[in-house]
file run11.tsv (TSV, C-alpha atoms)
chain	number	residue	atom	x	y	z
A	1	MET	CA	-0.46	12.22	3.94
A	2	SER	CA	2.81	10.52	4.81
A	3	SER	CA	3.31	7.93	7.54
A	4	ARG	CA	3.21	9.41	11.06
A	5	LYS	CA	3.69	6.37	13.25
A	6	GLY	CA	6.39	3.79	12.95
A	7	GLY	CA	4.20	0.74	13.42
A	8	VAL	CA	5.52	-2.81	13.75
A	9	GLN	CA	8.36	-3.29	11.31
A	10	ALA	CA	8.34	-6.45	9.22
A	11	PRO	CA	11.43	-8.63	9.74
A	12	SER	CA	13.98	-8.97	6.96
A	13	GLU	CA	14.36	-12.21	5.02
A	14	GLU	CA	17.62	-12.89	6.89
A	15	GLU	CA	15.93	-12.37	10.25
A	16	VAL	CA	13.08	-14.72	9.35
A	17	ILE	CA	15.51	-17.47	8.38
A	18	ARG	CA	17.57	-16.86	11.53
A	19	LYS	CA	14.54	-17.20	13.83
A	20	LEU	CA	13.37	-20.37	12.11
A	21	GLU	CA	16.88	-21.86	12.31
A	22	GLU	CA	17.13	-20.95	16.00
A	23	LEU	CA	14.01	-22.99	16.76
A	24	GLY	CA	15.47	-26.02	14.95
A	25	LYS	CA	18.90	-25.48	16.50
A	26	ARG	CA	17.45	-25.69	20.02
A	27	VAL	CA	16.16	-29.18	19.25
A	28	ALA	CA	19.44	-30.22	17.57
A	29	ASP	CA	21.47	-29.00	20.56
A	30	GLN	CA	19.32	-31.02	22.95
A	31	ILE	CA	19.96	-34.19	20.92
A	32	LEU	CA	23.70	-33.53	20.69
A	33	ARG	CA	23.85	-33.11	24.47
A	34	GLY	CA	22.09	-36.46	24.89
A	35	GLN	CA	18.91	-34.86	26.24
A	36	PRO	CA	15.38	-35.93	25.30
A	37	PRO	CA	14.35	-33.37	22.66
A	38	TYR	CA	11.39	-31.10	23.31
A	39	LEU	CA	9.75	-27.90	22.11
A	40	GLU	CA	8.33	-25.15	24.34
A	41	ILE	CA	5.20	-23.78	22.64
A	42	PRO	CA	2.92	-20.99	23.97
A	43	VAL	CA	-0.58	-22.36	24.56
A	44	ARG	CA	-3.20	-21.03	22.10
A	45	THR	CA	-6.36	-21.63	24.13
A	46	LEU	CA	-9.16	-19.51	25.60
A	47	ALA	CA	-7.76	-20.21	29.07
A	48	ASN	CA	-4.47	-18.61	28.02
A	49	THR	CA	-6.06	-15.60	26.31
A	50	ILE	CA	-6.00	-12.34	28.24
A	51	TRP	CA	-8.06	-9.19	27.75
A	52	ASP	CA	-5.77	-6.18	28.16
A	53	SER	CA	-8.14	-3.32	29.01
A	54	LYS	CA	-5.36	-0.76	28.68
A	55	LYS	CA	-4.41	-1.81	25.15
A	56	LYS	CA	-8.06	-2.73	24.39
A	57	MET	CA	-7.17	-6.00	22.74
A	58	LEU	CA	-6.91	-9.74	23.29
A	59	LEU	CA	-3.40	-10.97	24.00
A	60	LEU	CA	-1.82	-14.38	24.45
A	61	GLY	CA	-1.05	-15.25	28.06
A	62	PRO	CA	2.20	-16.62	29.54
A	63	ARG	CA	1.34	-20.34	29.65
A	64	THR	CA	3.43	-22.71	27.55
A	65	ALA	CA	3.26	-26.42	26.78
A	66	ARG	CA	6.28	-28.71	26.73
A	67	ARG	CA	6.07	-30.93	23.65
A	68	GLU	CA	8.41	-33.88	24.21
A	69	PHE	CA	9.58	-36.40	21.61
A	70	PHE	CA	9.53	-39.29	24.09
A	71	ASP	CA	6.05	-38.45	25.39
A	72	VAL	CA	3.60	-40.78	23.61
A	73	GLY	CA	0.86	-38.17	23.81
A	74	GLU	CA	3.04	-35.40	22.35
A	75	SER	CA	5.48	-37.20	20.05
A	76	LYS	CA	3.34	-36.94	16.91
A	77	ARG	CA	2.81	-33.18	17.32
A	78	PHE	CA	6.53	-32.78	18.05
A	79	MET	CA	7.45	-34.57	14.81
A	80	GLN	CA	4.81	-32.65	12.84
A	81	THR	CA	6.29	-29.37	14.08
A	82	VAL	CA	9.85	-30.34	13.13
A	83	LEU	CA	8.65	-31.51	9.70
A	84	MET	CA	6.75	-28.28	9.04
A	85	LEU	CA	9.71	-26.22	10.24
A	86	LYS	CA	11.90	-28.06	7.73
A	87	LEU	CA	9.47	-27.38	4.88
A	88	ILE	CA	9.15	-23.68	5.69
A	89	LEU	CA	12.92	-23.26	5.98
A	90	GLU	CA	13.46	-24.98	2.63
A	91	ALA	CA	11.01	-22.57	1.02
A	92	ARG	CA	12.61	-19.50	2.61
A	93	ARG	CA	16.11	-20.55	1.59
A	94	GLU	CA	14.92	-21.11	-1.98
A	95	GLY	CA	13.05	-17.80	-2.00
A	96	VAL	CA	9.70	-19.36	-2.96
A	97	HIS	CA	6.27	-18.59	-1.49
A	98	PRO	CA	4.19	-21.75	-0.99
A	99	THR	CA	0.55	-21.71	0.03
A	100	ILE	CA	-0.45	-23.35	3.28
A	101	ARG	CA	-2.17	-25.94	1.08
A	102	ASP	CA	1.16	-26.62	-0.69
A	103	LEU	CA	2.80	-27.31	2.67
A	104	TYR	CA	0.00	-29.68	3.64
A	105	TYR	CA	0.52	-31.80	0.51
A	106	ARG	CA	4.31	-31.47	0.58
A	107	GLY	CA	4.51	-32.87	4.08
A	108	LYS	CA	1.75	-35.47	3.94
A	109	HIS	CA	2.92	-39.07	3.64
A	110	THR	CA	2.45	-42.41	5.34
A	111	LEU	CA	5.09	-43.41	7.86
A	112	THR	CA	7.07	-46.61	7.25
A	113	ASP	CA	9.28	-48.86	9.35
A	114	LYS	CA	12.99	-49.38	8.69
A	115	ASN	CA	12.13	-51.94	6.02
A	116	GLY	CA	9.86	-49.54	4.16
A	117	ARG	CA	6.63	-51.22	5.25
A	118	PRO	CA	3.73	-48.76	5.84
A	119	LEU	CA	2.72	-48.29	9.47
A	120	GLY	CA	-0.78	-47.02	8.68
A	121	GLU	CA	-0.04	-43.61	10.24
A	122	ASN	CA	0.12	-40.36	8.25
A	123	THR	CA	2.19	-37.31	9.10
A	124	TRP	CA	-1.15	-35.46	9.19
A	125	ASP	CA	-4.60	-36.54	8.07
A	126	ASP	CA	-6.16	-33.20	7.10
A	127	GLN	CA	-5.15	-29.60	6.65
A	128	ARG	CA	-6.46	-28.53	10.04
A	129	GLU	CA	-3.58	-30.46	11.60
A	130	SER	CA	-0.91	-28.87	9.41
A	131	ASN	CA	-2.45	-25.40	9.84
A	132	ALA	CA	-2.36	-25.80	13.62
A	133	VAL	CA	1.35	-26.71	13.42
A	134	ILE	CA	2.03	-23.56	11.38
A	135	GLN	CA	0.35	-21.53	14.12
A	136	ASP	CA	2.55	-23.27	16.71
A	137	ILE	CA	5.62	-22.18	14.76
A	138	GLU	CA	4.26	-18.63	14.58
A	139	VAL	CA	3.89	-18.33	18.35
A	140	ALA	CA	7.19	-20.12	19.02
A	141	THR	CA	9.18	-17.78	16.73
A	142	GLY	CA	7.14	-14.57	16.98
A	143	LEU	CA	6.80	-14.53	13.19
A	144	LEU	CA	3.61	-14.08	11.20
A	145	ARG	CA	3.16	-16.79	8.59
A	146	GLU	CA	3.05	-13.97	6.04
A	147	HIS	CA	6.57	-13.00	7.13
A	148	MET	CA	7.58	-16.62	6.59
A	149	GLY	CA	6.49	-16.25	2.97
A	150	LEU	CA	3.39	-18.43	3.30
A	151	MET	CA	0.46	-17.55	1.08
A	152	HIS	CA	-3.26	-17.94	1.71
A	153	ASP	CA	-6.44	-17.20	-0.19
A	154	ALA	CA	-6.64	-13.48	0.55
A	155	LYS	CA	-10.09	-11.99	-0.09
A	156	GLY	CA	-9.86	-8.35	0.97
A	157	ARG	CA	-10.31	-5.39	-1.40
A	158	ILE	CA	-9.31	-1.73	-1.05
A	159	VAL	CA	-9.81	1.46	-3.07
A	160	GLY	CA	-9.22	5.18	-2.55
A	161	ARG	CA	-6.70	7.99	-2.85
A	162	MET	CA	-3.73	5.91	-1.83
A	163	THR	CA	-0.44	5.09	-3.56
A	164	ILE	CA	1.60	1.96	-2.85
A	165	ARG	CA	4.76	0.32	-4.14
A	166	SER	CA	4.63	-3.44	-4.76
A	167	LYS	CA	7.63	-5.28	-6.20
A	168	GLY	CA	9.00	-2.01	-7.51
A	169	GLU	CA	5.77	-1.01	-9.24
A	170	ILE	CA	3.91	2.12	-8.09
A	171	ILE	CA	0.14	1.59	-7.98
A	172	ASP	CA	-2.44	4.35	-7.57
A	173	LEU	CA	-5.51	2.85	-5.90
A	174	SER	CA	-7.68	5.72	-7.14
A	175	ARG	CA	-7.12	4.76	-10.79
A	176	LEU	CA	-8.65	1.30	-10.97
A	177	GLY	CA	-11.83	2.11	-12.88
A	178	SER	CA	-14.75	0.15	-11.47
A	179	GLY	CA	-12.36	-2.32	-9.83
A	180	ALA	CA	-10.45	-2.38	-6.56
A	181	TYR	CA	-7.02	-3.53	-5.43
A	182	ALA	CA	-6.81	-7.08	-4.11
A	183	ILE	CA	-5.07	-6.97	-0.73
A	184	PRO	CA	-2.17	-9.47	-0.90
A	185	SER	CA	-1.35	-12.13	1.68
A	186	ASN	CA	1.68	-10.27	3.00
A	187	VAL	CA	0.53	-6.69	3.53
A	188	ASP	CA	3.89	-5.79	5.05
A	189	SER	CA	5.52	-6.39	1.67
A	190	LEU	CA	3.71	-3.26	0.43
A	191	GLU	CA	5.23	0.17	0.85
A	192	ILE	CA	2.47	2.69	1.45
A	193	LEU	CA	3.80	5.83	-0.18
A	194	GLU	CA	0.93	8.26	0.28
A	195	VAL	CA	-2.60	8.37	1.65
A	196	LYS	CA	-4.94	11.28	0.93
A	197	ALA	CA	-7.98	10.46	3.01
A	198	GLU	CA	-9.78	11.59	6.15
A	199	TYR	CA	-10.82	8.16	7.39
A	200	VAL	CA	-11.11	4.43	6.62
A	201	LEU	CA	-14.51	2.82	6.06
A	202	VAL	CA	-14.51	-0.95	6.55
A	203	VAL	CA	-17.55	-2.65	5.01
A	204	GLU	CA	-18.53	-6.16	6.08
A	205	LYS	CA	-20.17	-7.18	2.80
A	206	GLY	CA	-18.44	-7.43	-0.55
A	207	ALA	CA	-21.64	-6.49	-2.42
A	208	ILE	CA	-22.07	-3.27	-0.41
A	209	PHE	CA	-18.40	-2.47	-1.00
A	210	GLU	CA	-18.92	-2.88	-4.75
A	211	GLN	CA	-21.99	-0.65	-4.62
A	212	LEU	CA	-20.16	2.11	-2.73
A	213	ASN	CA	-17.16	1.80	-5.04
A	214	GLU	CA	-19.36	2.05	-8.13
A	215	ASP	CA	-20.94	5.20	-6.66
A	216	GLU	CA	-17.39	6.52	-5.99
A	217	PHE	CA	-18.24	6.99	-2.32
A	218	TRP	CA	-14.54	7.10	-1.45
A	219	LYS	CA	-13.98	9.98	-3.88
A	220	LYS	CA	-17.00	12.03	-2.77
A	221	ASN	CA	-16.24	11.55	0.92
A	222	ASN	CA	-12.43	11.41	0.79
A	223	CYS	CA	-11.98	8.05	2.48
A	224	ILE	CA	-10.30	4.69	1.99
A	225	LEU	CA	-12.86	1.94	1.34
A	226	ILE	CA	-12.06	-1.61	2.47
A	227	THR	CA	-13.92	-4.91	2.68
A	228	GLY	CA	-13.00	-8.27	4.18
A	229	LYS	CA	-16.06	-9.91	2.61
A	230	GLY	CA	-17.57	-11.16	5.85
A	231	GLN	CA	-15.31	-12.55	8.56
A	232	PRO	CA	-12.06	-10.76	7.68
A	233	ASP	CA	-8.85	-12.58	6.84
A	234	ARG	CA	-5.55	-11.64	8.40
A	235	SER	CA	-4.44	-9.55	5.42
A	236	THR	CA	-7.48	-7.27	5.56
A	237	ARG	CA	-7.09	-6.78	9.30
A	238	ARG	CA	-3.39	-6.03	8.88
A	239	MET	CA	-4.12	-3.40	6.21
A	240	VAL	CA	-6.68	-1.69	8.45
A	241	ARG	CA	-4.20	-1.76	11.32
A	242	ARG	CA	-1.45	-0.21	9.21
A	243	LEU	CA	-3.65	2.65	8.00
A	244	TRP	CA	-4.68	3.44	11.58
A	245	GLU	CA	-1.27	2.93	13.13
A	246	GLU	CA	0.93	4.55	10.50
A	247	PHE	CA	-1.36	7.32	9.24
A	248	ASP	CA	-3.56	8.14	12.25
A	249	LEU	CA	-6.71	7.56	10.21
A	250	PRO	CA	-9.98	7.02	12.10
A	251	VAL	CA	-11.50	3.62	11.28
A	252	TYR	CA	-15.26	3.08	10.96
A	253	VAL	CA	-16.82	-0.38	10.57
A	254	LEU	CA	-20.15	-0.99	8.82
A	255	THR	CA	-21.81	-4.39	9.35
A	256	ASP	CA	-25.25	-5.96	9.44
A	257	GLY	CA	-27.27	-5.21	12.54
A	258	ASP	CA	-27.02	-8.62	14.18
A	259	SER	CA	-24.83	-10.49	16.66
A	260	TYR	CA	-22.55	-11.82	13.92
A	261	GLY	CA	-22.01	-8.36	12.47
A	262	PHE	CA	-21.21	-7.09	15.97
A	263	TYR	CA	-18.67	-9.88	16.38
A	264	ILE	CA	-17.02	-9.06	13.04
A	265	TYR	CA	-16.58	-5.49	14.30
A	266	SER	CA	-15.00	-6.77	17.51
A	267	VAL	CA	-12.51	-8.88	15.52
A	268	TYR	CA	-11.30	-5.74	13.72
A	269	ARG	CA	-11.18	-3.78	16.96
A	270	SER	CA	-9.99	-6.21	19.65
A	271	GLY	CA	-8.71	-9.28	17.82
A	272	SER	CA	-9.87	-12.88	17.98
A	273	ILE	CA	-9.30	-15.63	20.51
A	274	THR	CA	-7.71	-17.97	17.96
A	275	LEU	CA	-5.24	-15.29	16.79
A	276	SER	CA	-4.72	-13.45	20.08
A	277	TYR	CA	-0.97	-13.91	19.67
A	278	GLU	CA	-1.14	-11.57	16.66
A	279	SER	CA	-3.46	-8.88	18.06
A	280	GLU	CA	-0.77	-6.22	18.30
A	281	ARG	CA	-0.26	-6.52	14.55
A	282	LEU	CA	-3.84	-7.20	13.48
A	283	ALA	CA	-6.23	-5.46	15.88
A	284	THR	CA	-7.25	-1.80	15.63
A	285	PRO	CA	-8.31	-0.91	19.19
A	286	GLU	CA	-9.77	2.50	18.29
A	287	ALA	CA	-12.01	1.18	15.48
A	288	ARG	CA	-15.51	2.64	15.72
A	289	PHE	CA	-18.74	0.76	15.02
A	290	LEU	CA	-20.76	2.91	12.65
A	291	GLY	CA	-23.73	0.61	12.24
A	292	VAL	CA	-26.11	-0.87	11.50
A	293	SER	CA	-27.20	-0.78	15.15
A	294	ILE	CA	-30.42	-2.05	16.67
A	295	THR	CA	-31.36	1.47	17.77
A	296	ASP	CA	-31.20	2.44	14.09
A	297	ILE	CA	-34.34	0.41	13.44
A	298	GLU	CA	-36.45	2.96	15.29
A	299	LYS	CA	-34.30	6.00	14.70
A	300	TYR	CA	-34.27	5.62	10.90
A	301	LYS	CA	-37.78	4.22	10.70
A	302	ILE	CA	-36.62	1.14	8.81
A	303	PRO	CA	-39.63	-0.35	6.98
A	304	ARG	CA	-41.06	-3.43	8.69
A	305	ASN	CA	-40.61	-5.61	5.63
A	306	PHE	CA	-36.83	-5.13	5.99
A	307	ILE	CA	-36.78	-6.24	9.64
A	308	ILE	CA	-35.85	-9.90	10.17
A	309	LYS	CA	-36.77	-12.07	13.14
A	310	ALA	CA	-33.62	-13.12	15.02
A	311	THR	CA	-33.05	-16.87	15.31
A	312	GLU	CA	-32.29	-18.74	18.53
A	313	ARG	CA	-28.72	-18.99	17.31
A	314	ASP	CA	-28.57	-15.21	16.86
A	315	ILE	CA	-29.83	-14.65	20.40
A	316	LYS	CA	-27.45	-17.22	21.85
A	317	ARG	CA	-24.53	-15.52	20.10
A	318	ALA	CA	-25.57	-12.12	21.46
A	319	LYS	CA	-25.68	-13.51	25.00
A	320	GLU	CA	-22.17	-14.85	24.49
A	321	LEU	CA	-21.01	-11.39	23.40
A	322	LEU	CA	-22.38	-9.93	26.64
A	323	ASN	CA	-19.73	-11.95	28.48
A	324	TYR	CA	-16.86	-10.60	26.41
A	325	PRO	CA	-15.02	-7.94	28.46
A	326	TRP	CA	-14.55	-5.62	25.48
A	327	PHE	CA	-18.35	-5.41	25.17
A	328	LYS	CA	-19.00	-5.39	28.93
A	329	GLU	CA	-16.79	-2.31	29.38
A	330	SER	CA	-19.03	-0.28	27.04
A	331	LYS	CA	-22.39	0.99	28.31
A	332	ARG	CA	-23.57	1.59	24.75
A	333	TRP	CA	-22.70	-1.93	23.67
A	334	LEU	CA	-24.53	-3.40	26.64
A	335	GLU	CA	-27.59	-1.37	25.61
A	336	GLU	CA	-27.38	-2.55	21.98
A	337	LEU	CA	-26.89	-6.22	22.82
A	338	ASN	CA	-29.65	-6.28	25.43
A	339	LEU	CA	-31.99	-4.47	23.02
A	340	PHE	CA	-31.19	-7.07	20.35
A	341	ILE	CA	-32.01	-9.89	22.77
A	342	GLU	CA	-35.17	-8.16	24.05
A	343	LYS	CA	-36.64	-7.30	20.63
A	344	GLY	CA	-35.38	-10.36	18.76
A	345	GLN	CA	-34.98	-8.29	15.61
A	346	LYS	CA	-32.11	-7.84	13.18
A	347	VAL	CA	-31.50	-5.89	9.99
A	348	GLU	CA	-29.03	-6.11	7.15
A	349	ILE	CA	-27.21	-3.14	5.67
A	350	GLU	CA	-29.47	-3.41	2.63
A	351	ALA	CA	-32.45	-2.50	4.82
A	352	LEU	CA	-31.43	1.14	4.53
A	353	SER	CA	-32.36	1.02	0.85
A	354	GLY	CA	-35.96	1.12	2.06
A	355	HIS	CA	-35.42	4.90	2.07
A	356	GLY	CA	-33.93	4.88	-1.43
A	357	PHE	CA	-31.00	3.21	-3.13
A	358	ARG	CA	-28.62	6.09	-2.36
A	359	PHE	CA	-29.70	6.62	1.25
A	360	LEU	CA	-26.77	4.58	2.61
A	361	SER	CA	-24.09	6.54	0.76
A	362	ASP	CA	-25.71	9.97	0.60
A	363	SER	CA	-27.21	10.19	4.08
A	364	TYR	CA	-26.64	7.37	6.56
A	365	ILE	CA	-22.83	7.01	6.50
A	366	PRO	CA	-21.87	10.71	6.17
A	367	GLU	CA	-24.40	11.86	8.77
A	368	LYS	CA	-23.42	9.30	11.39
A	369	ILE	CA	-19.74	10.14	10.98
A	370	ASN	CA	-20.32	13.91	11.06
A	371	LYS	CA	-22.54	13.68	14.13
A	372	GLY	CA	-20.18	11.26	15.93
A	373	GLU	CA	-22.91	8.64	16.21
A	374	TRP	CA	-20.70	5.57	16.46
A	375	ILE	CA	-20.04	3.04	19.20
A	376	ILE	CA	-16.66	2.02	20.58
call {"tool": "encode", "arguments": {"input": "run11.tsv", "output": "C-alpha cells"}}
result
Amino acid sequence: MSSRKGGVQAPSEEEVIRKLEELGKRVADQILRGQPPYLEIPVRTLANTIWDSKKKMLLLGPRTARREFFDVGESKRFMQTVLMLKLILEARREGVHPTIRDLYYRGKHTLTDKNGRPLGENTWDDQRESNAVIQDIEVATGLLREHMGLMHDAKGRIVGRMTIRSKGEIIDLSRLGSGAYAIPSNVDSLEILEVKAEYVLVVEKGAIFEQLNEDEFWKKNNCILITGKGQPDRSTRRMVRRLWEEFDLPVYVLTDGDSYGFYIYSVYRSGSITLSYESERLATPEARFLGVSITDIEKYKIPRNFIIKATERDIKRAKELLNYPWFKESKRWLEELNLFIEKGQKVEIEALSGHGFRFLSDSYIPEKINKGEWII
C-alpha cells in the first residue's frame, strides 16, 4: 500500500535554520532600532487550550505573552530563550543532533558581573526550565523539536509488513526476528516506502507488545503492531499519526481497563494539554478504543481474581475525564466512565489470560475488530 494522503510535510534543513534565524533577527532588529527587546510567545496553558469538536483534537488558542527584557519578572525567561535559540542554531548549522539533556548542560552556567565575579544566579537550575524554553521556541517558530534536530529518549517500538528508508538504508520491519524496530526521535526523517496491512494496533504495555510480537500476531492478522510503553512519547504518536494520515489505516488502541488507560487512549486520539500546539501532527482523531473496557468485565466473564479494586486516585481521575469534552461528546464513553466510578473495579490487559494465554490474540482482539465493538 503506497501513501494516499499528503500529510504534514517536514521542513527542510534550510527552512528550519531560516525560521530559527527569523526569531533571533526580530530581537536584533528591535535592539538596532533602539527599542526594548521582547519576544511574543503563544501561551501554553490550559486556559489557552481549545477543544476543536470539528477536528476532534486539542489545539492551542490565540493568546500570547509578551516576554520583555526590561521586565524584571520576564527578563530571565527572555534571556533563557535567546540562549537556547543560540545553542539550537549552532547545532543546526554544524549539522549535529544534540539531546535535550546536552542542551541543558551546554547552556547551564553561573552568571557573573563585568569583573567575572559570580552573581549566584544560574542560567537555569534544572532541566525542566530548559525543556520549557525549548517548547517556547517550538510554539514561536512552528517547528517541532524533532525538526530542529533535537533528540530525546524515544521508547516506541513497531513491527509488521512495512518497509522504510532511513539514512539511505531500506529496512523491512517484517524481517526482524523476535525483535522490533525502535521508533527514532524524528519520525519525519523516515521515508515510509510501503505498508501491507489492514490496520494499526497500538498496545499500551511493552510486555503485551512483546507477547503479541512473539506470537506473530501482526503476521496472522495483517496489521502493524506498535507500543509506546505506557504514556506515549511524541515519536510514537507521530508514527501512529503518519500511518493513519498517509495510508488511511484504521487505528485501534488497547490499554488497561482503568482511568489511566482511558487517558492514554485519549492522548493518541485527541492530543494532550501540554502539547496541544502539536496536535495536528501528533493526534489521530479517528483512533478507536478497542479495550479493555469496564463492560468487558461482565461480557467476557473475567475471573474475579483478576479484577482489581479501583483506588481513590483512580476514581478521581475518572471524574476528571468526565469533564473532558472529547469524552463528554461520546455517549459510550460516558457510560464506561460512570460504570467505572459506580463499580470501583478495574482490570489489566493480562486479565484476559484468565481464559487462556492465547485468548487475547486468538479471540479478544480479532473478534472485537470484526464485530466493530470499539469506542470512539
call {"tool": "atom_distance", "arguments": {"input": "run11.tsv", "atom1": "CA of Leu46 in chain A", "atom2": "CA of Arg77 in chain A"}}
result
20.0 Å
call {"tool": "residues_around", "arguments": {"input": "run11.tsv", "residues": "Tyr199 in chain A", "least_positions_apart": "6", "cutoff": "7 Å", "atoms": "only C-alpha atoms", "output": "PyMOL selection string"}}
result
chain A and resi 223-224+249-251
call {"tool": "axis_aligned_box", "arguments": {"input": "run11.tsv", "around": "range 214-231 of chain A", "padding_each_side": "4 Å", "output": "lines of an AutoDock Vina configuration file"}}
result
center_x = -15.6
center_y = -0.3
center_z = 0.2
size_x = 18.6
size_y = 32.6
size_z = 24.7
call {"tool": "residues_around", "arguments": {"input": "run11.tsv", "residues": "Val27 in chain A", "least_positions_apart": "3", "cutoff": "10 Å", "atoms": "all atoms listed in the file", "output": "compact mmCIF listing (two decimals) with C-alpha atoms, keeping the file's coordinate frame"}}
result
# COMPACT_ATOMS: atom_id res chain seq x y z
CA GLU A 22 17.13 -20.95 16.00
CA LEU A 23 14.01 -22.99 16.76
CA GLY A 24 15.47 -26.02 14.95
CA GLN A 30 19.32 -31.02 22.95
CA ILE A 31 19.96 -34.19 20.92
CA LEU A 32 23.70 -33.53 20.69
CA GLN A 35 18.91 -34.86 26.24
CA PRO A 36 15.38 -35.93 25.30
CA PRO A 37 14.35 -33.37 22.66
CA TYR A 38 11.39 -31.10 23.31
CA LEU A 39 9.75 -27.90 22.11
CA VAL A 82 9.85 -30.34 13.13
call {"tool": "closest_atom_pairs", "arguments": {"input": "run11.tsv", "of": "range 321-348 of chain A", "to": "range 279-295 of chain A", "cutoff": "10 Å", "atoms": "only C-alpha atoms", "output": "Markdown table"}}
result
| residue | atom | partner | partner_atom | distance |
| --- | --- | --- | --- | --- |
| A:Trp333 | CA | A:Ser293 | CA | 9.7 |
| A:Glu335 | CA | A:Thr295 | CA | 9.2 |
| A:Glu336 | CA | A:Ile294 | CA | 6.1 |
| A:Leu337 | CA | A:Ile294 | CA | 8.2 |
| A:Asn338 | CA | A:Ile294 | CA | 9.8 |
| A:Leu339 | CA | A:Ile294 | CA | 7.0 |
| A:Phe340 | CA | A:Ile294 | CA | 6.3 |
| A:Lys343 | CA | A:Ile294 | CA | 9.1 |
| A:Gly344 | CA | A:Ile294 | CA | 9.9 |
| A:Gln345 | CA | A:Ile294 | CA | 7.8 |
| A:Lys346 | CA | A:Ile294 | CA | 7.0 |
| A:Val347 | CA | A:Val292 | CA | 7.5 |
| A:Glu348 | CA | A:Val292 | CA | 7.4 |
call {"tool": "closest_residue", "arguments": {"input": "run11.tsv", "among": "A:Ser235, A:Thr141, A:Gln80, A:Ser270", "to": "Arg18 in chain A", "atoms": "all atoms listed in the file"}}
result
A:Thr141
call {"tool": "closest_atom_pairs", "arguments": {"input": "run11.tsv", "of": "range 135-160 of chain A", "to": "range 94-116 of chain A", "cutoff": "9 Å", "atoms": "all atoms listed in the file", "output": "JSON lines"}}
result
{"residue": "A:Met148", "atom": "CA", "partner": "A:His97", "partner_atom": "CA", "distance": 8.4}
{"residue": "A:Gly149", "atom": "CA", "partner": "A:His97", "partner_atom": "CA", "distance": 5.0}
{"residue": "A:Leu150", "atom": "CA", "partner": "A:Thr99", "partner_atom": "CA", "distance": 5.4}
{"residue": "A:Met151", "atom": "CA", "partner": "A:Thr99", "partner_atom": "CA", "distance": 4.3}
{"residue": "A:His152", "atom": "CA", "partner": "A:Thr99", "partner_atom": "CA", "distance": 5.6}
{"residue": "A:Asp153", "atom": "CA", "partner": "A:Thr99", "partner_atom": "CA", "distance": 8.3}
call {"tool": "write_last_selection", "arguments": {"input": "run11.tsv", "atoms": "C-alpha atoms", "output": "mmCIF file, in the coordinates of the input"}}
result
data_model
loop_
_atom_site.group_PDB
_atom_site.id
_atom_site.type_symbol
_atom_site.label_atom_id
_atom_site.label_comp_id
_atom_site.auth_asym_id
_atom_site.auth_seq_id
_atom_site.Cartn_x
_atom_site.Cartn_y
_atom_site.Cartn_z
ATOM 1 C CA MET A 148 7.580 -16.620 6.590
ATOM 2 C CA GLY A 149 6.490 -16.250 2.970
ATOM 3 C CA LEU A 150 3.390 -18.430 3.300
ATOM 4 C CA MET A 151 0.460 -17.550 1.080
ATOM 5 C CA HIS A 152 -3.260 -17.940 1.710
ATOM 6 C CA ASP A 153 -6.440 -17.200 -0.190
#
call {"tool": "atom_distance", "arguments": {"input": "run11.tsv", "atom1": "CA of Gly261 in chain A", "atom2": "CA of Asp188 in chain A"}}
result
27.1 Å
call {"tool": "residues_around", "arguments": {"input": "run11.tsv", "residues": "Ala197 in chain A", "least_positions_apart": "6", "cutoff": "9 Å", "atoms": "only C-alpha atoms", "output": "ChimeraX atom specification"}}
result
/A:1,160-162,218,221-224,249
call {"tool": "residues_around", "arguments": {"input": "run11.tsv", "residues": "Ile50 in chain A", "least_positions_apart": "2", "cutoff": "12 Å", "atoms": "all atoms listed in the file", "output": "ChimeraX atom specification"}}
result
/A:43-48,52-63,270-277,279,324-326
call {"tool": "write_last_selection", "arguments": {"input": "run11.tsv", "atoms": "C-alpha atoms", "output": "short mmCIF file (atom, residue, chain, number, x, y, z; two decimals), keeping the file's coordinate frame"}}
result
data_model
loop_
_atom_site.label_atom_id
_atom_site.label_comp_id
_atom_site.auth_asym_id
_atom_site.auth_seq_id
_atom_site.Cartn_x
_atom_site.Cartn_y
_atom_site.Cartn_z
CA VAL A 43 -0.58 -22.36 24.56
CA ARG A 44 -3.20 -21.03 22.10
CA THR A 45 -6.36 -21.63 24.13
CA LEU A 46 -9.16 -19.51 25.60
CA ALA A 47 -7.76 -20.21 29.07
CA ASN A 48 -4.47 -18.61 28.02
CA ASP A 52 -5.77 -6.18 28.16
CA SER A 53 -8.14 -3.32 29.01
CA LYS A 54 -5.36 -0.76 28.68
CA LYS A 55 -4.41 -1.81 25.15
CA LYS A 56 -8.06 -2.73 24.39
CA MET A 57 -7.17 -6.00 22.74
CA LEU A 58 -6.91 -9.74 23.29
CA LEU A 59 -3.40 -10.97 24.00
CA LEU A 60 -1.82 -14.38 24.45
CA GLY A 61 -1.05 -15.25 28.06
CA PRO A 62 2.20 -16.62 29.54
CA ARG A 63 1.34 -20.34 29.65
CA SER A 270 -9.99 -6.21 19.65
CA GLY A 271 -8.71 -9.28 17.82
CA SER A 272 -9.87 -12.88 17.98
CA ILE A 273 -9.30 -15.63 20.51
CA THR A 274 -7.71 -17.97 17.96
CA LEU A 275 -5.24 -15.29 16.79
CA SER A 276 -4.72 -13.45 20.08
CA TYR A 277 -0.97 -13.91 19.67
CA SER A 279 -3.46 -8.88 18.06
CA TYR A 324 -16.86 -10.60 26.41
CA PRO A 325 -15.02 -7.94 28.46
CA TRP A 326 -14.55 -5.62 25.48
#
call {"tool": "closest_residue", "arguments": {"input": "run11.tsv", "among": "A:Lys301, A:Lys328, A:Arg157, A:Lys86", "to": "His355 in chain A", "atoms": "all atoms listed in the file"}}
result
A:Lys301
call {"tool": "residues_around", "arguments": {"input": "run11.tsv", "residues": "range 360-370 of chain A", "least_positions_apart": "3", "cutoff": "10 Å", "atoms": "all atoms listed in the file", "output": "PyMOL selection string"}}
result
chain A and resi 199+201+208+211-212+215-218+220-221+252+254+288+290-292+300+349-357+373-374
call {"tool": "atom_distance", "arguments": {"input": "run11.tsv", "atom1": "CA of Glu204 in chain A", "atom2": "CA of Asp172 in chain A"}}
result
23.6 Å
call {"tool": "closest_residue", "arguments": {"input": "run11.tsv", "among": "A:Pro42, A:Ile376, A:Phe69, A:Ala132", "to": "Tyr265 in chain A", "atoms": "all atoms listed in the file"}}
result
A:Ile376
